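Text of protein-v4.txt, listed as compact mmCIF, C-alpha atoms and all ligand atoms:
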# COMPACT_ATOMS: atom_id res chain seq x y z
CA MET A 1 0.00 0.00 0.00
CA GLU A 2 1.33 3.43 -1.00
CA LYS A 3 0.40 6.87 0.27
CA VAL A 4 -0.80 9.19 -2.50
CA SER A 5 -2.07 12.78 -2.48
CA ILE A 6 -4.30 14.00 -5.29
CA PHE A 7 -4.58 17.76 -5.83
CA GLY A 8 -7.82 18.76 -7.54
CA ALA A 9 -11.22 17.24 -6.78
CA GLY A 10 -12.87 17.75 -10.15
CA SER A 11 -14.11 14.79 -12.15
CA TRP A 12 -10.67 13.53 -13.18
CA GLY A 13 -8.86 13.95 -9.85
CA THR A 14 -11.75 12.17 -8.13
CA ALA A 15 -11.95 9.32 -10.66
CA LEU A 16 -8.20 8.66 -10.37
CA ALA A 17 -8.42 8.81 -6.59
CA VAL A 18 -11.13 6.14 -6.82
CA VAL A 19 -8.85 3.89 -8.90
CA LEU A 20 -6.06 4.33 -6.34
CA ALA A 21 -8.33 3.76 -3.33
CA GLU A 22 -9.77 0.63 -4.95
CA ASN A 23 -6.21 -0.59 -5.47
CA GLY A 24 -5.85 -0.36 -1.69
CA HIS A 25 -3.68 2.76 -1.56
CA ASP A 26 -3.96 5.38 1.17
CA SER A 27 -5.37 8.12 -1.08
CA LEU A 28 -6.03 11.65 0.11
CA ILE A 29 -7.73 14.10 -2.20
CA TRP A 30 -7.17 17.84 -1.72
CA THR A 31 -9.82 20.38 -2.64
CA ARG A 32 -9.75 24.13 -2.09
CA ARG A 33 -13.31 23.99 -0.70
CA ALA A 34 -13.84 22.74 2.87
CA GLU A 35 -17.47 21.76 2.21
CA GLN A 36 -16.40 19.56 -0.68
CA ALA A 37 -13.73 17.88 1.46
CA ASP A 38 -16.45 17.17 4.05
CA GLU A 39 -18.77 15.78 1.39
CA ILE A 40 -16.11 13.41 0.02
CA HIS A 41 -14.93 12.38 3.48
CA ASN A 42 -18.31 11.93 5.21
CA GLN A 43 -20.91 11.29 2.51
CA HIS A 44 -18.54 9.56 0.06
CA THR A 45 -19.89 11.56 -2.86
CA ASN A 46 -18.71 14.39 -5.12
CA ASN A 47 -22.07 15.39 -6.54
CA ARG A 48 -21.01 18.52 -8.40
CA TYR A 49 -18.52 16.64 -10.59
CA LEU A 50 -19.60 12.99 -10.49
CA PRO A 51 -23.31 12.87 -9.66
CA ASN A 52 -24.80 9.54 -8.50
CA VAL A 53 -21.41 7.97 -7.84
CA LYS A 54 -20.61 6.37 -4.48
CA LEU A 55 -16.94 6.87 -3.66
CA PRO A 56 -14.95 4.23 -1.75
CA GLU A 57 -15.03 4.68 2.03
CA ASN A 58 -11.24 4.45 2.24
CA LEU A 59 -10.88 7.59 0.08
CA ASN A 60 -10.03 10.52 2.33
CA SER A 61 -10.22 14.24 1.62
CA THR A 62 -8.89 17.48 3.06
CA SER A 63 -8.99 21.17 2.23
CA GLU A 64 -5.76 21.78 4.14
CA LEU A 65 -2.92 21.97 1.68
CA ASN A 66 -0.29 21.28 4.31
CA VAL A 67 -1.99 18.02 5.31
CA ALA A 68 -2.09 16.85 1.70
CA VAL A 69 1.54 17.84 1.02
CA GLN A 70 2.78 16.03 4.14
CA HIS A 71 0.64 12.93 3.48
CA ALA A 72 2.61 11.38 0.61
CA LYS A 73 5.69 11.36 -1.56
CA THR A 74 3.60 10.69 -4.63
CA ILE A 75 1.69 13.76 -5.74
CA ILE A 76 -0.99 13.66 -8.44
CA LEU A 77 -1.73 17.07 -9.97
CA ALA A 78 -5.28 17.17 -11.38
CA VAL A 79 -6.10 20.87 -11.50
CA PRO A 80 -6.78 22.62 -14.83
CA THR A 81 -3.71 23.88 -16.72
CA VAL A 82 -4.56 27.48 -15.83
CA ALA A 83 -4.15 26.64 -12.11
CA MET A 84 -1.06 24.43 -12.42
CA ARG A 85 1.63 27.05 -11.78
CA GLU A 86 -0.14 28.51 -8.75
CA THR A 87 -0.81 25.04 -7.29
CA CYS A 88 2.84 24.00 -7.73
CA ARG A 89 4.01 27.19 -6.04
CA HIS A 90 1.81 26.51 -3.01
CA ILE A 91 2.99 22.89 -2.81
CA GLN A 92 6.65 23.89 -3.16
CA GLU A 93 6.33 26.24 -0.16
CA LEU A 94 5.23 23.32 2.04
CA LEU A 95 7.31 20.48 0.64
CA THR A 96 10.10 19.16 2.86
CA GLU A 97 11.08 15.94 1.06
CA PRO A 98 11.44 15.07 -2.63
CA ALA A 99 8.29 13.72 -4.26
CA ILE A 100 7.25 12.16 -7.56
CA PHE A 101 4.95 14.57 -9.42
CA VAL A 102 2.38 12.97 -11.69
CA HIS A 103 0.29 15.36 -13.76
CA VAL A 104 -2.89 14.29 -15.50
CA SER A 105 -3.97 17.59 -17.05
CA LYS A 106 -4.22 18.29 -20.77
CA GLY A 107 -3.25 21.74 -21.86
CA ILE A 108 -0.55 24.16 -22.97
CA ASP A 109 -0.11 27.49 -21.22
CA PRO A 110 -0.87 30.25 -23.76
CA ASP A 111 1.26 32.81 -21.91
CA SER A 112 4.54 30.89 -21.71
CA LEU A 113 3.71 28.26 -24.41
CA GLU A 114 4.99 25.68 -21.93
CA ARG A 115 3.85 22.10 -21.53
CA ILE A 116 2.76 21.14 -18.02
CA SER A 117 5.91 19.17 -17.18
CA GLU A 118 7.89 22.30 -18.05
CA ILE A 119 5.76 24.37 -15.67
CA ILE A 120 6.30 21.82 -12.88
CA ALA A 121 10.06 21.73 -13.51
CA GLU A 122 10.13 25.52 -13.31
CA GLU A 123 8.08 25.81 -10.12
CA ILE A 124 9.32 22.84 -8.05
CA ASP A 125 12.93 22.97 -6.97
CA GLU A 126 15.06 20.22 -8.48
CA THR A 127 16.00 18.96 -5.00
CA LEU A 128 12.31 18.49 -4.16
CA ARG A 129 11.27 16.45 -7.17
CA GLU A 130 12.31 12.88 -7.74
CA ALA A 131 10.62 12.72 -11.13
CA ILE A 132 7.89 14.25 -13.25
CA VAL A 133 5.46 11.82 -14.88
CA VAL A 134 2.53 12.54 -17.21
CA LEU A 135 -0.51 10.25 -17.28
CA SER A 136 -2.70 10.62 -20.37
CA GLY A 137 -4.93 8.70 -22.77
CA PRO A 138 -8.56 8.10 -23.77
CA SER A 139 -10.20 8.18 -20.37
CA HIS A 140 -13.39 9.98 -19.44
CA ALA A 141 -13.83 10.14 -15.68
CA GLU A 142 -17.52 9.26 -16.03
CA GLU A 143 -16.61 5.84 -17.50
CA VAL A 144 -13.65 5.16 -15.19
CA VAL A 145 -15.90 5.42 -12.11
CA LEU A 146 -18.20 2.84 -13.75
CA ARG A 147 -15.11 0.60 -13.99
CA HIS A 148 -15.39 0.43 -17.76
CA PRO A 149 -12.17 -0.86 -19.36
CA THR A 150 -9.82 2.10 -19.83
CA THR A 151 -6.27 2.37 -21.15
CA VAL A 152 -3.77 5.18 -20.58
CA ALA A 153 -0.02 5.76 -20.86
CA VAL A 154 2.49 7.22 -18.42
CA ALA A 155 5.60 8.99 -19.71
CA SER A 156 8.66 10.34 -17.98
CA SER A 157 12.34 10.94 -18.57
CA ASN A 158 12.72 8.71 -15.48
CA MET A 159 11.40 5.31 -16.60
CA GLU A 160 11.77 3.80 -13.15
CA ALA A 161 9.35 6.41 -11.81
CA ALA A 162 7.01 5.84 -14.78
CA GLU A 163 6.94 2.11 -13.98
CA GLN A 164 6.25 2.87 -10.31
CA ILE A 165 3.24 4.95 -11.35
CA GLN A 166 2.16 2.23 -13.79
CA ASP A 167 2.11 -0.26 -10.88
CA LEU A 168 0.25 2.20 -8.66
CA PHE A 169 -2.70 2.61 -11.04
CA MET A 170 -2.89 -0.77 -12.83
CA SER A 171 -6.12 -2.66 -12.13
CA ASN A 172 -8.47 -5.05 -13.88
CA TYR A 173 -10.30 -2.12 -15.48
CA PHE A 174 -7.51 0.49 -15.67
CA ARG A 175 -4.60 -0.61 -17.85
CA VAL A 176 -1.48 1.55 -17.94
CA TYR A 177 1.26 1.48 -20.58
CA THR A 178 4.62 3.24 -20.36
CA ASN A 179 5.98 5.58 -23.03
CA LYS A 180 9.34 7.39 -23.15
CA ASP A 181 8.07 10.31 -25.23
CA VAL A 182 7.03 12.98 -22.72
CA ILE A 183 6.69 15.70 -25.38
CA GLY A 184 4.48 13.55 -27.63
CA VAL A 185 2.28 12.33 -24.78
CA GLU A 186 1.74 15.85 -23.44
CA LEU A 187 1.13 17.41 -26.85
CA GLY A 188 -1.28 14.68 -27.97
CA GLY A 189 -3.39 15.13 -24.83
CA ALA A 190 -3.46 18.91 -25.07
CA LEU A 191 -3.94 19.38 -28.81
CA LYS A 192 -6.75 16.85 -29.19
CA ASN A 193 -8.92 19.24 -27.15
CA VAL A 194 -8.65 21.82 -29.94
CA ILE A 195 -9.88 19.32 -32.52
CA ALA A 196 -12.61 18.09 -30.12
CA LEU A 197 -13.99 21.62 -29.93
CA ALA A 198 -14.02 21.69 -33.73
CA ALA A 199 -15.77 18.29 -33.84
CA GLY A 200 -18.42 19.59 -31.45
CA ILE A 201 -18.92 22.67 -33.63
CA SER A 202 -19.31 20.44 -36.68
CA ASP A 203 -22.01 18.39 -34.93
CA GLY A 204 -23.65 21.58 -33.65
CA LEU A 205 -23.85 22.87 -37.22
CA GLY A 206 -25.64 19.65 -38.17
CA TYR A 207 -22.82 18.10 -40.18
CA GLY A 208 -22.39 14.34 -40.06
CA ASP A 209 -19.90 11.51 -39.87
CA ASN A 210 -18.00 12.51 -43.03
CA ALA A 211 -17.08 15.85 -41.49
CA LYS A 212 -16.19 14.22 -38.16
CA ALA A 213 -13.90 11.67 -39.83
CA ALA A 214 -12.23 14.46 -41.77
CA LEU A 215 -11.64 16.48 -38.60
CA ILE A 216 -10.16 13.52 -36.73
CA THR A 217 -7.88 12.51 -39.61
CA ARG A 218 -6.71 15.94 -40.69
CA GLY A 219 -6.59 17.00 -37.03
CA LEU A 220 -4.21 14.17 -36.29
CA ALA A 221 -2.09 15.26 -39.27
CA GLU A 222 -1.69 18.80 -37.99
CA ILE A 223 -1.10 17.69 -34.39
CA THR A 224 1.62 15.34 -35.66
CA ARG A 225 3.19 18.05 -37.83
CA LEU A 226 3.53 20.41 -34.88
CA GLY A 227 4.51 17.66 -32.45
CA VAL A 228 7.34 16.35 -34.59
CA LYS A 229 8.70 19.87 -35.06
CA MET A 230 8.61 20.32 -31.28
CA GLY A 231 10.64 17.15 -30.74
CA ALA A 232 8.00 14.44 -30.27
CA ASP A 233 8.19 10.92 -31.70
CA GLN A 234 5.82 10.66 -34.67
CA GLN A 235 4.68 7.17 -33.56
CA THR A 236 3.28 8.49 -30.28
CA PHE A 237 0.52 10.24 -32.22
CA SER A 238 -0.76 6.88 -33.49
CA GLY A 239 -1.00 5.62 -29.92
CA LEU A 240 -3.40 5.95 -27.00
CA THR A 241 -2.39 9.51 -26.14
CA GLY A 242 -2.63 10.61 -29.78
CA LEU A 243 -5.23 8.97 -31.99
CA GLY A 244 -6.84 7.18 -29.04
CA ASP A 245 -7.60 10.33 -27.09
CA LEU A 246 -8.51 12.25 -30.24
CA VAL A 247 -11.16 9.66 -31.13
CA VAL A 248 -12.68 9.47 -27.64
CA THR A 249 -12.84 13.23 -27.20
CA CYS A 250 -14.24 13.98 -30.67
CA THR A 251 -16.94 11.32 -30.43
CA SER A 252 -18.08 11.24 -26.80
CA VAL A 253 -20.94 13.09 -25.16
CA HIS A 254 -18.85 13.00 -21.98
CA SER A 255 -16.25 15.33 -23.47
CA ARG A 256 -16.44 18.85 -22.11
CA ASN A 257 -14.60 20.13 -25.18
CA TRP A 258 -16.96 18.39 -27.60
CA ARG A 259 -19.99 19.60 -25.63
CA ALA A 260 -18.72 23.18 -25.59
CA GLY A 261 -18.07 23.03 -29.35
CA ASN A 262 -21.53 21.60 -29.92
CA LEU A 263 -23.12 24.60 -28.17
CA LEU A 264 -20.88 27.01 -30.12
CA GLY A 265 -21.97 25.33 -33.36
CA LYS A 266 -25.60 25.81 -32.33
CA GLY A 267 -24.94 29.55 -32.06
CA GLN A 268 -24.19 30.14 -28.36
CA SER A 269 -21.45 32.60 -27.37
CA LEU A 270 -18.17 31.42 -25.85
CA GLU A 271 -18.95 33.34 -22.63
CA ARG A 272 -22.31 31.64 -22.24
CA VAL A 273 -20.90 28.19 -23.05
CA THR A 274 -18.08 28.60 -20.51
CA GLU A 275 -20.55 29.65 -17.84
CA GLU A 276 -22.98 26.84 -18.64
CA MET A 277 -20.32 24.11 -18.64
CA GLY A 278 -19.09 24.83 -15.07
CA MET A 279 -16.11 22.56 -15.74
CA VAL A 280 -12.82 23.23 -17.42
CA ILE A 281 -12.82 23.47 -21.25
CA GLU A 282 -9.07 23.12 -21.78
CA GLY A 283 -9.29 23.44 -25.57
CA VAL A 284 -10.12 27.15 -25.45
CA ARG A 285 -6.82 28.29 -23.93
CA THR A 286 -4.90 25.58 -25.77
CA THR A 287 -6.25 26.86 -29.10
CA LYS A 288 -4.56 30.18 -28.29
CA ALA A 289 -1.32 28.38 -27.42
CA SER A 290 -1.44 26.07 -30.42
CA PHE A 291 -2.13 28.97 -32.80
CA GLN A 292 1.01 30.73 -31.50
CA LEU A 293 3.11 27.54 -31.60
CA ALA A 294 2.08 26.97 -35.24
CA GLN A 295 3.48 30.40 -36.07
CA GLN A 296 6.60 29.95 -33.94
CA PHE A 297 7.43 26.57 -35.50
CA ASP A 298 6.18 27.56 -38.95
CA VAL A 299 3.70 24.68 -39.17
CA ASN A 300 0.55 24.67 -41.29
CA MET A 301 -2.42 24.08 -38.94
CA PRO A 302 -5.59 25.05 -40.82
CA LEU A 303 -8.06 23.53 -38.35
CA THR A 304 -6.42 25.27 -35.39
CA GLU A 305 -6.42 28.55 -37.32
CA ALA A 306 -10.11 28.13 -38.20
CA LEU A 307 -11.01 27.42 -34.59
CA TYR A 308 -8.94 30.39 -33.42
CA SER A 309 -10.85 32.63 -35.83
CA ILE A 310 -14.16 31.35 -34.42
CA LEU A 311 -13.20 31.61 -30.73
CA PHE A 312 -11.21 34.85 -30.79
CA GLY A 313 -11.89 36.52 -34.15
CA GLY A 314 -15.68 36.54 -34.20
CA VAL A 315 -15.86 34.45 -37.41
CA PRO A 316 -19.17 32.54 -37.60
CA PRO A 317 -18.56 28.73 -37.55
CA LYS A 318 -20.27 28.16 -40.91
CA GLN A 319 -18.05 30.77 -42.57
CA ALA A 320 -14.93 29.20 -41.05
CA VAL A 321 -15.96 25.82 -42.51
CA ASP A 322 -16.55 27.37 -45.95
CA GLN A 323 -13.10 28.97 -45.82
CA LEU A 324 -11.50 25.63 -44.89
CA MET A 325 -13.27 23.73 -47.67
CA THR A 326 -12.38 26.24 -50.41
CA ARG A 327 -8.64 26.47 -49.70
CA GLY A 328 -6.17 25.77 -52.50
CA LYS A 329 -5.61 22.21 -53.70
CA LYS A 330 -3.31 19.95 -51.62
CA GLN A 331 -1.62 16.58 -51.83
CA GLU A 332 -2.81 14.38 -48.95
CA ILE A 333 0.41 12.65 -47.90
CA ASP A 334 3.79 14.38 -47.85
CA THR A 335 6.63 14.45 -45.34
CA PHE A 336 4.97 14.35 -41.91
CA PHE A 337 1.49 13.96 -43.43
CA GLY A 338 1.49 16.83 -45.86
CA ILE A 339 3.36 19.96 -44.82
N1 LIG A 401 -12.67 14.91 -16.78
C1 LIG A 401 -12.03 13.97 -17.45
O1 LIG A 401 -12.61 12.93 -17.81
C2 LIG A 401 -10.59 14.12 -17.76
C3 LIG A 401 -9.92 15.32 -17.53
N2 LIG A 401 -8.59 15.41 -17.82
C4 LIG A 401 -7.85 16.63 -17.52
O2 LIG A 401 -7.76 16.79 -16.12
C5 LIG A 401 -7.71 18.18 -15.78
C6 LIG A 401 -8.79 18.48 -14.77
O3 LIG A 401 -10.00 18.22 -15.42
P1 LIG A 401 -11.37 17.94 -14.69
O4 LIG A 401 -11.18 17.15 -13.46
O5 LIG A 401 -12.28 17.44 -15.74
O6 LIG A 401 -11.78 19.44 -14.31
P2 LIG A 401 -13.04 19.93 -13.49
O7 LIG A 401 -13.48 21.19 -14.08
O8 LIG A 401 -13.99 18.79 -13.33
O9 LIG A 401 -12.41 20.20 -12.03
C7 LIG A 401 -11.37 21.08 -11.83
C8 LIG A 401 -10.90 20.96 -10.39
O10 LIG A 401 -9.80 21.84 -10.21
C9 LIG A 401 -10.12 22.76 -9.16
N3 LIG A 401 -9.53 24.06 -9.44
C10 LIG A 401 -9.83 24.90 -10.43
N4 LIG A 401 -9.07 26.00 -10.35
C11 LIG A 401 -8.28 25.85 -9.25
C12 LIG A 401 -7.30 26.64 -8.63
N5 LIG A 401 -6.96 27.84 -9.11
N6 LIG A 401 -6.70 26.15 -7.52
C13 LIG A 401 -7.03 24.96 -7.04
N7 LIG A 401 -7.96 24.15 -7.57
C14 LIG A 401 -8.58 24.60 -8.68
C15 LIG A 401 -11.64 22.83 -9.14
O11 LIG A 401 -12.07 23.31 -7.88
P3 LIG A 401 -13.50 24.02 -7.67
O12 LIG A 401 -14.51 22.94 -7.71
O13 LIG A 401 -13.36 24.62 -6.33
O14 LIG A 401 -13.67 25.03 -8.77
C16 LIG A 401 -11.97 21.36 -9.38
O15 LIG A 401 -11.77 20.61 -8.22
C17 LIG A 401 -7.89 18.94 -17.11
O16 LIG A 401 -6.64 19.35 -17.59
C18 LIG A 401 -8.49 17.90 -18.05
O17 LIG A 401 -8.11 18.12 -19.41
C19 LIG A 401 -7.89 14.36 -18.33
C20 LIG A 401 -8.51 13.17 -18.59
C21 LIG A 401 -9.91 12.96 -18.34
O1 LIG A 402 -9.26 14.08 -21.94
C1 LIG A 402 -10.36 13.61 -21.80
C2 LIG A 402 -10.67 12.20 -22.11
O2 LIG A 402 -9.54 11.47 -22.39
C3 LIG A 402 -11.46 14.47 -21.31
O3 LIG A 402 -11.78 15.35 -22.31
P1 LIG A 402 -12.72 16.59 -21.99
O4 LIG A 402 -11.91 17.55 -21.15
O5 LIG A 402 -13.09 17.16 -23.33
O6 LIG A 402 -13.91 16.06 -21.26
The structure in this file should be written as structure tokens.
Amino acid sequence: MEKVSIFGAGSWGTALAVVLAENGHDSLIWTRRAEQADEIHNQHTNNRYLPNVKLPENLNSTSELNVAVQHAKTIILAVPTVAMRETCRHIQELLTEPAIFVHVSKGIDPDSLERISEIIAEEIDETLREAIVVLSGPSHAEEVVLRHPTTVAVASSNMEAAEQIQDLFMSNYFRVYTNKDVIGVELGGALKNVIALAAGISDGLGYGDNAKAALITRGLAEITRLGVKMGADQQTFSGLTGLGDLVVTCTSVHSRNWRAGNLLGKGQSLERVTEEMGMVIEGVRTTKASFQLAQQFDVNMPLTEALYSILFGGVPPKQAVDQLMTRGKKQEIDTFFGI
């Protein structure tokens, strides 16, 4: 039995804490809201994020950061990307011994253009971190808590730590692979959210499976193009954290990004959609980051550009689709899928 602290009691932090508690680990989930800590601890529910789910009785919760930091030397970071830097800073102030940091969030910071492992490395002193591991893959929290078969990958520059985290989470319904490609795993998880928003918009506009298949396929091509230029292994994008996560997020009603896109496609404003969702829509900020990275790395990313024009340029979705469909002629396959 290991001691593990999970920071962030949204749907994903809670679902992963359930997997760990069911594996018999001493799991403590930290939330910034005392009433939510009480609910998880005493009623064994987290109704705002996972309604109608009974949490294991051995899953503990606290709203005291110090208690959670002192509890374990394995730290799971499950807050949205926007809160990652601040959360790491608070943890760093209280940390007295080196810990393994596992992040499970899927985004790129649009201000620094950093991946999450880069943010953690910047904010946590080298002497206080044994390793940084990313856990990612096609895994909606809503299905994990139903114990539906789910597969993910963990990646780290420290493979021993990655294998430790693999062992921690592995169960008969949660299968964990290892991968050495941290950049590819992080980029696949973050960039699929951009395409999932676009897939939701397509459905919201009333388009069908042809359009969805096109978005997934050409989306994967542009994610791969950028990823390879940023140093990722091309093969990672054909794996669970690339194609796998892209498919699940573009096709599932559980996806917050797909749902947000769907409402945008039906004509709602971004402000209204964000308010209505009440959960993080990572793809919005990551579209901003990805748009800038495409320029920085000189990579052609037409879907990302179209989505950027919808979200931040006031272009109506239908017009953005027309512009995409009437671009100049292209060859489908070229180096790295058609630069
Ligand atoms: N949901 C899923 O199925 C999956 C999600 N992910 C990724 O996991 C990450 C978290 O997603 P998810 O759990 O869905 O998000 P949710 O919106 O469900 O929950 C976010 C959690 O983070 C907390 N939080 C938000 N801002 C801060 C802050 N500034 N400081 C501290 N805590 C904060 C929220 O607290 P409060 O309630 O107080 O606002 C809440 O507990 C995202 O990057 C997402 O892409 C990855 C795989 C699957
Ligand atoms: O990453 C996810 C599933 O793998 C969750 O995606 P959403 O944030 O769109 O719900």
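Among the candidates A:Val253, A:Ala214, A:Ala198, A:Met279, the one nearest to ligand LIG 401 (chain A) when counting all atoms listed in the file is A:Met279.
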- Task: Would you mind listing the residues within 8 Å of ligand LIG 401 (chain A), counting only C-alpha atoms and all ligand atoms, as a ChimeraX atom specification?
- Result: /A:7-14,31-33,48-49,78-84,86-87,104-107,136-142,189-190,193,254-256,278-282
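Residue nearest ligand LIG 402 (chain A) within the list A:Glu160, A:Glu143, A:Asp322, A:Glu123: A:Glu143 [criterion: smallest interatomic distance, all atoms listed in the file].
Closest to ligand LIG 402 (chain A) among A:Thr286, A:Asn60, A:Ser309, A:Thr74 is A:Thr286, based on all atoms listed in the file.
Take atom CA of Asp167 of chain A and atom CA of Met1 of chain A: the distance between them is 11.1 Å.
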- Item | Surrounding residues of Asn58 of chain A excluding itself and chain neighbours under 3 positions, 10 Å, only C-alpha atoms, as number ranges by chain | A: 18, 21-22, 24-28, 41, 44, 55, 61
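In this structure, atom CA of Gln292 of chain A sits 19.6 Å away from atom CA of Val185 of chain A.
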Which centre and edge lengths in Å to one decimal define the box along x, y and z that fits every listed atom of segment 39-44 of chain A plus 5 Å per side, as lines of an AutoDock Vina configuration file?
center_x = -17.9
center_y = 12.7
center_z = 2.6
size_x = 16.0
size_y = 16.2
size_z = 15.2
- Task: Take the point (-9.2, 20.1, -30.8) as written in the file and pick out every residue within 9 Å of it, counting only C-alpha atoms; give the list as a list of chain:residue names.
- Result: A:Ala190, A:Leu191, A:Lys192, A:Asn193, A:Val194, A:Ile195, A:Ala196, A:Leu197, A:Ala198, A:Ala199, A:Leu215, A:Ile216, A:Gly219, A:Leu246, A:Thr249, A:Cys250, A:Asn257, A:Trp258, A:Gly283, A:Val284, A:Thr286, A:Thr287, A:Leu303, A:Thr304, A:Leu307
